[in-house]
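Shown next: my_file_9.csv, containing CSV, C-alpha atoms.
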```csv
chain,number,residue,atom,x,y,z
A,328,VAL,CA,2.7,-9.7,-3.0
A,329,ILE,CA,4.9,-6.7,-3.7
A,330,LEU,CA,7.4,-5.7,-1.1
A,331,ALA,CA,8.7,-2.2,-1.7
A,332,LYS,CA,11.3,-0.3,0.2
A,333,THR,CA,10.4,3.4,-0.1
A,334,VAL,CA,11.9,6.7,0.7
A,335,LYS,CA,9.6,9.2,2.3
A,336,GLY,CA,9.2,12.2,-0.1
A,337,TYR,CA,10.9,10.4,-2.9
A,338,GLY,CA,11.5,12.7,-5.9
A,339,LEU,CA,10.6,15.9,-4.0
A,340,GLY,CA,14.2,17.1,-3.8
A,341,PRO,CA,16.9,17.3,-1.1
A,342,HIS,CA,14.8,19.5,1.2
A,343,PHE,CA,12.1,16.9,1.4
A,344,GLU,CA,13.4,13.4,0.5
A,345,GLY,CA,14.1,11.0,3.3
A,346,ARG,CA,13.3,13.5,6.1
A,347,ASN,CA,10.9,12.7,8.9
A,348,ALA,CA,9.4,16.2,8.6
A,349,THR,CA,8.1,15.4,5.1
A,350,HIS,CA,4.5,15.1,6.3
A,351,GLN,CA,4.6,18.5,7.9
A,352,MET,CA,6.2,20.3,5.0
A,353,LYS,CA,3.4,22.1,3.0
A,354,LYS,CA,5.2,24.2,0.4
A,355,LEU,CA,7.9,23.8,-2.2
A,356,THR,CA,10.3,26.6,-3.1
A,357,MET,CA,10.6,27.4,-6.8
A,358,GLU,CA,14.0,25.7,-6.7
A,359,ASP,CA,12.4,22.6,-5.2
A,360,LEU,CA,9.6,22.6,-7.8
A,361,LYS,CA,12.1,22.9,-10.7
A,362,ALA,CA,14.2,20.1,-9.2
A,363,PHE,CA,11.1,17.9,-8.9
A,364,ARG,CA,10.2,18.7,-12.5
A,365,ASP,CA,13.7,17.9,-13.7
A,366,HIS,CA,13.9,14.7,-11.7
A,367,LEU,CA,10.7,13.3,-13.1
A,368,ARG,CA,11.4,14.7,-16.6
A,369,ILE,CA,8.1,16.6,-16.8
A,370,PRO,CA,8.1,18.8,-19.9
A,371,ILE,CA,7.1,22.1,-18.3
A,372,THR,CA,9.2,25.2,-18.9
A,373,ASP,CA,10.8,27.5,-16.4
A,374,GLU,CA,8.5,30.3,-17.7
A,375,GLN,CA,5.4,28.2,-17.0
A,376,LEU,CA,6.6,27.6,-13.4
A,377,ASP,CA,7.7,31.2,-12.9
A,378,ALA,CA,4.3,32.4,-13.8
A,379,ASP,CA,2.8,31.4,-10.4
A,380,LEU,CA,4.6,29.3,-7.8
A,381,TYR,CA,1.4,28.4,-6.1
A,382,ARG,CA,-0.5,27.3,-9.2
A,383,PRO,CA,1.9,25.3,-11.3
A,384,PRO,CA,0.5,23.9,-14.6
A,385,TYR,CA,-0.9,20.4,-14.7
A,386,TYR,CA,0.8,17.9,-17.1
A,387,HIS,CA,-1.0,15.2,-18.9
A,388,PRO,CA,1.1,13.0,-21.3
A,389,GLY,CA,-1.8,12.5,-23.7
A,390,MET,CA,-4.2,9.6,-24.2
A,391,ASP,CA,-1.7,7.7,-26.5
A,392,ALA,CA,1.0,7.7,-23.8
A,393,PRO,CA,1.9,4.1,-22.7
A,394,GLU,CA,1.2,4.9,-19.0
A,395,ILE,CA,-2.2,6.3,-19.7
A,396,LYS,CA,-3.1,3.4,-22.0
A,397,TYR,CA,-2.0,1.0,-19.2
A,398,MET,CA,-4.2,2.9,-16.6
A,399,MET,CA,-7.2,2.8,-18.9
A,400,GLU,CA,-6.8,-0.9,-19.5
A,401,ARG,CA,-6.6,-1.6,-15.8
A,402,ARG,CA,-9.7,0.6,-15.1
A,403,ALA,CA,-11.6,-1.3,-17.9
A,404,GLU,CA,-10.7,-4.6,-16.3
A,405,LEU,CA,-12.1,-3.4,-13.0
A,406,GLY,CA,-15.4,-2.5,-14.6
A,407,GLY,CA,-15.2,1.2,-15.1
A,408,PHE,CA,-14.4,4.4,-13.2
A,409,VAL,CA,-17.2,4.5,-10.6
A,410,PRO,CA,-17.1,1.9,-7.9
A,411,GLU,CA,-20.1,-0.4,-7.8
A,412,ARG,CA,-21.5,-3.0,-5.4
A,413,ARG,CA,-21.5,-6.3,-7.2
A,414,SER,CA,-24.1,-8.8,-6.0
A,415,ALA,CA,-22.6,-11.9,-7.7
A,416,HIS,CA,-20.0,-13.5,-5.6
A,417,ALA,CA,-18.8,-16.9,-4.6
A,418,PRO,CA,-19.6,-18.0,-1.0
A,419,VAL,CA,-16.7,-18.3,1.4
A,420,ALA,CA,-16.1,-21.7,2.8
A,421,LEU,CA,-15.5,-21.2,6.5
A,422,PRO,CA,-12.7,-23.0,8.3
A,423,GLU,CA,-13.3,-26.5,9.6
A,424,GLU,CA,-14.0,-26.9,13.4
A,425,LYS,CA,-10.6,-28.6,13.9
A,426,SER,CA,-9.0,-25.2,13.1
A,427,TYR,CA,-10.4,-23.9,16.4
A,428,GLU,CA,-9.6,-26.9,18.7
A,429,VAL,CA,-6.3,-25.6,20.1
A,430,SER,CA,-7.8,-22.2,20.8
A,431,LYS,CA,-10.9,-23.6,22.5
A,432,ARG,CA,-8.7,-25.8,24.7
A,433,GLY,CA,-7.0,-22.8,26.1
A,434,SER,CA,-3.5,-22.6,27.6
A,435,GLY,CA,-4.1,-24.9,30.5
A,436,LYS,CA,-2.9,-23.5,33.9
A,437,GLN,CA,-0.5,-21.1,32.3
A,438,GLN,CA,-1.8,-17.6,31.3
A,439,ALA,CA,-1.3,-16.9,27.6
A,440,ALA,CA,-0.7,-13.4,26.2
A,441,THR,CA,-3.5,-12.4,23.8
A,442,THR,CA,-0.9,-11.9,21.0
A,443,MET,CA,0.4,-15.4,21.4
A,444,ALA,CA,-3.1,-16.8,21.5
A,445,PHE,CA,-4.0,-14.9,18.3
A,446,VAL,CA,-0.8,-16.1,16.6
A,447,ARG,CA,-1.7,-19.7,17.4
A,448,LEU,CA,-5.2,-19.2,16.0
A,449,LEU,CA,-4.0,-17.5,12.9
A,450,LYS,CA,-1.5,-20.3,12.3
A,451,ASP,CA,-4.3,-22.9,12.5
A,452,LEU,CA,-6.6,-20.9,10.3
A,453,MET,CA,-3.9,-20.5,7.7
A,454,ARG,CA,-3.4,-24.3,7.6
A,455,ASP,CA,-7.1,-24.8,6.7
A,456,LYS,CA,-7.1,-26.0,3.0
A,457,ASN,CA,-10.0,-23.9,1.9
A,458,PHE,CA,-9.8,-20.8,4.1
A,459,GLY,CA,-6.0,-20.5,4.6
A,460,LYS,CA,-5.3,-19.1,1.1
A,461,ARG,CA,-7.3,-15.9,2.1
A,462,PHE,CA,-4.7,-14.8,4.6
A,463,VAL,CA,-1.8,-12.6,3.6
A,464,PRO,CA,0.1,-11.7,6.8
A,465,VAL,CA,2.0,-8.5,6.6
A,466,VAL,CA,4.3,-8.7,9.6
A,467,PRO,CA,6.6,-6.1,11.1
A,468,ASP,CA,10.1,-6.8,12.3
A,469,GLU,CA,8.7,-8.0,15.7
A,470,SER,CA,7.4,-11.1,14.0
A,471,ARG,CA,10.1,-13.3,15.6
A,472,THR,CA,9.1,-12.1,19.1
A,473,PHE,CA,5.6,-13.5,18.5
A,474,GLY,CA,6.5,-16.7,16.7
A,475,MET,CA,5.4,-15.3,13.3
A,476,ASP,CA,8.7,-15.4,11.5
A,477,ALA,CA,7.7,-18.6,9.6
A,478,PHE,CA,4.6,-16.7,8.2
```

Once you've parsed the file, please lay out its structure as structure tokens.
Amino acid sequence: VILAKTVKGYGLGPHFEGRNATHQMKKLTMEDLKAFRDHLRIPITDEQLDADLYRPPYYHPGMDAPEIKYMMERRAELGGFVPERRSAHAPVALPEEKSYEVSKRGSGKQQAATTMAFVRLLKDLMRDKNFGKRFVPVVPDESRTFGMDAF
């Protein structure tokens, strides 16, 4: 699991970075474009950018660049560039019946919120020895409200 704190529009310059309007902003000024280039250390000259603000040149670091080599190695590990449907797979062992016992019993006379019922079921499924390892809960800051802080 990788947890990353991000800044919306990171690297796009002071007119974009960290602003809620980032998604609505469609165009960079020439000043923003040059600041973006400088921040990311992209070797494109001012003259190349000044030629056409709306069609800046593409940059490729070359096939021998470490980042390109890394991407190519990862792609090779995944089996190539085009996604494919693989028919060979290991069957999934479903949870044991005891994982559902608490949920099947219900909450008694007291009404239970659907969220709380789901959290109880999720907890029991995560405890299953064979099936539980398949869960990776990504929980927002409201997790404590629903009893999920231990997840």

Original post:
With all atoms listed in the file as the atoms that count, which of A:Val429, A:Glu344, A:Ser434, A:Lys460 lies nearest to Leu448 in chain A?
Top reply: A:Val429

Subject >> Selection: 10 Å around Lys354 in chain A, only C-alpha atoms, excl. self and same-chain fewer than 5 positions, as a ChimeraX atom specification >> reply: /A:359-360,380-381

Original post:
So how far away is CA of Met390 in chain A from CA of Glu404 in chain A, in Å?
Top reply: 17.5 Å

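Here CA of Met399 in chain A stands at a distance of 25.3 Å from CA of Tyr337 in chain A.
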
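Between Leu355 in chain A and the candidates A:Met443, A:Pro464, A:Arg382, A:Lys332, the tightest atom-to-atom separation, counting only C-alpha atoms, involves A:Arg382.
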
Original post:
In Å to one decimal, how far is CA of Ala417 in chain A from CA of Arg461 in chain A?
Top reply: 13.3 Å

Original post:
Which one is closest to Arg447 in chain A: A:Val463, A:Lys396, A:Arg471, A:Ser426? Count all atoms listed in the file.
Top reply: A:Ser426

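Taking only C-alpha atoms into account, Gly338 in chain A lies nearest to A:Arg368 out of the set A:Lys425, A:Arg368, A:Arg432, A:His387.
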
Subject >> Exercise: Thr472 in chain A partners within 12 Å, only C-alpha atoms, chain neighbours under 5 positions left out, as a PyMOL selection string >> reply: chain A and resi 442-443+446+466-467+477

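Nearest residue to Asn457 in chain A among A:Gly474, A:Pro341, A:Gly435, A:Pro422 is A:Pro422, counting all atoms listed in the file.
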
Could I see range 451-468 of chain A restored to N, CA and C atoms, set down as a CSV table (one decimal), in the frame of the given file?
```csv
chain,number,residue,atom,x,y,z
A,451,ASP,N,-3.4,-21.8,12.8
A,451,ASP,CA,-4.3,-22.9,12.5
A,451,ASP,C,-5.3,-22.5,11.4
A,452,LEU,N,-5.7,-21.3,11.3
A,452,LEU,CA,-6.6,-20.9,10.3
A,452,LEU,C,-5.9,-20.9,8.9
A,453,MET,N,-4.6,-20.5,8.9
A,453,MET,CA,-3.9,-20.5,7.7
A,453,MET,C,-3.6,-21.9,7.1
A,454,ARG,N,-3.6,-22.9,8.0
A,454,ARG,CA,-3.4,-24.3,7.6
A,454,ARG,C,-4.7,-24.9,7.0
A,455,ASP,N,-5.8,-24.3,7.2
A,455,ASP,CA,-7.1,-24.8,6.7
A,455,ASP,C,-7.0,-24.8,5.1
A,456,LYS,N,-7.3,-25.9,4.5
A,456,LYS,CA,-7.1,-26.0,3.0
A,456,LYS,C,-8.0,-25.0,2.2
A,457,ASN,N,-9.2,-24.8,2.6
A,457,ASN,CA,-10.0,-23.9,1.9
A,457,ASN,C,-9.9,-22.4,2.3
A,458,PHE,N,-9.7,-22.2,3.5
A,458,PHE,CA,-9.8,-20.8,4.1
A,458,PHE,C,-8.4,-20.2,4.2
A,459,GLY,N,-7.4,-21.0,4.4
A,459,GLY,CA,-6.0,-20.5,4.6
A,459,GLY,C,-5.5,-19.6,3.5
A,460,LYS,N,-5.9,-19.8,2.2
A,460,LYS,CA,-5.3,-19.1,1.1
A,460,LYS,C,-5.8,-17.6,1.1
A,461,ARG,N,-6.8,-17.3,2.0
A,461,ARG,CA,-7.3,-15.9,2.1
A,461,ARG,C,-6.4,-15.0,2.9
A,462,PHE,N,-5.5,-15.6,3.7
A,462,PHE,CA,-4.7,-14.8,4.6
A,462,PHE,C,-3.4,-14.4,3.9
A,463,VAL,N,-3.1,-13.1,4.1
A,463,VAL,CA,-1.8,-12.6,3.6
A,463,VAL,C,-1.2,-11.8,4.7
A,464,PRO,N,-0.5,-12.4,5.6
A,464,PRO,CA,0.1,-11.7,6.8
A,464,PRO,C,1.1,-10.7,6.4
A,465,VAL,N,1.0,-9.5,6.8
A,465,VAL,CA,2.0,-8.5,6.6
A,465,VAL,C,2.5,-8.2,8.0
A,466,VAL,N,3.8,-8.7,8.2
A,466,VAL,CA,4.3,-8.7,9.6
A,466,VAL,C,5.5,-7.8,9.8
A,467,PRO,N,5.5,-7.0,10.8
A,467,PRO,CA,6.6,-6.1,11.1
A,467,PRO,C,7.8,-6.9,11.6
A,468,ASP,N,8.8,-6.1,11.9
A,468,ASP,CA,10.1,-6.8,12.3
A,468,ASP,C,10.0,-7.5,13.7
```
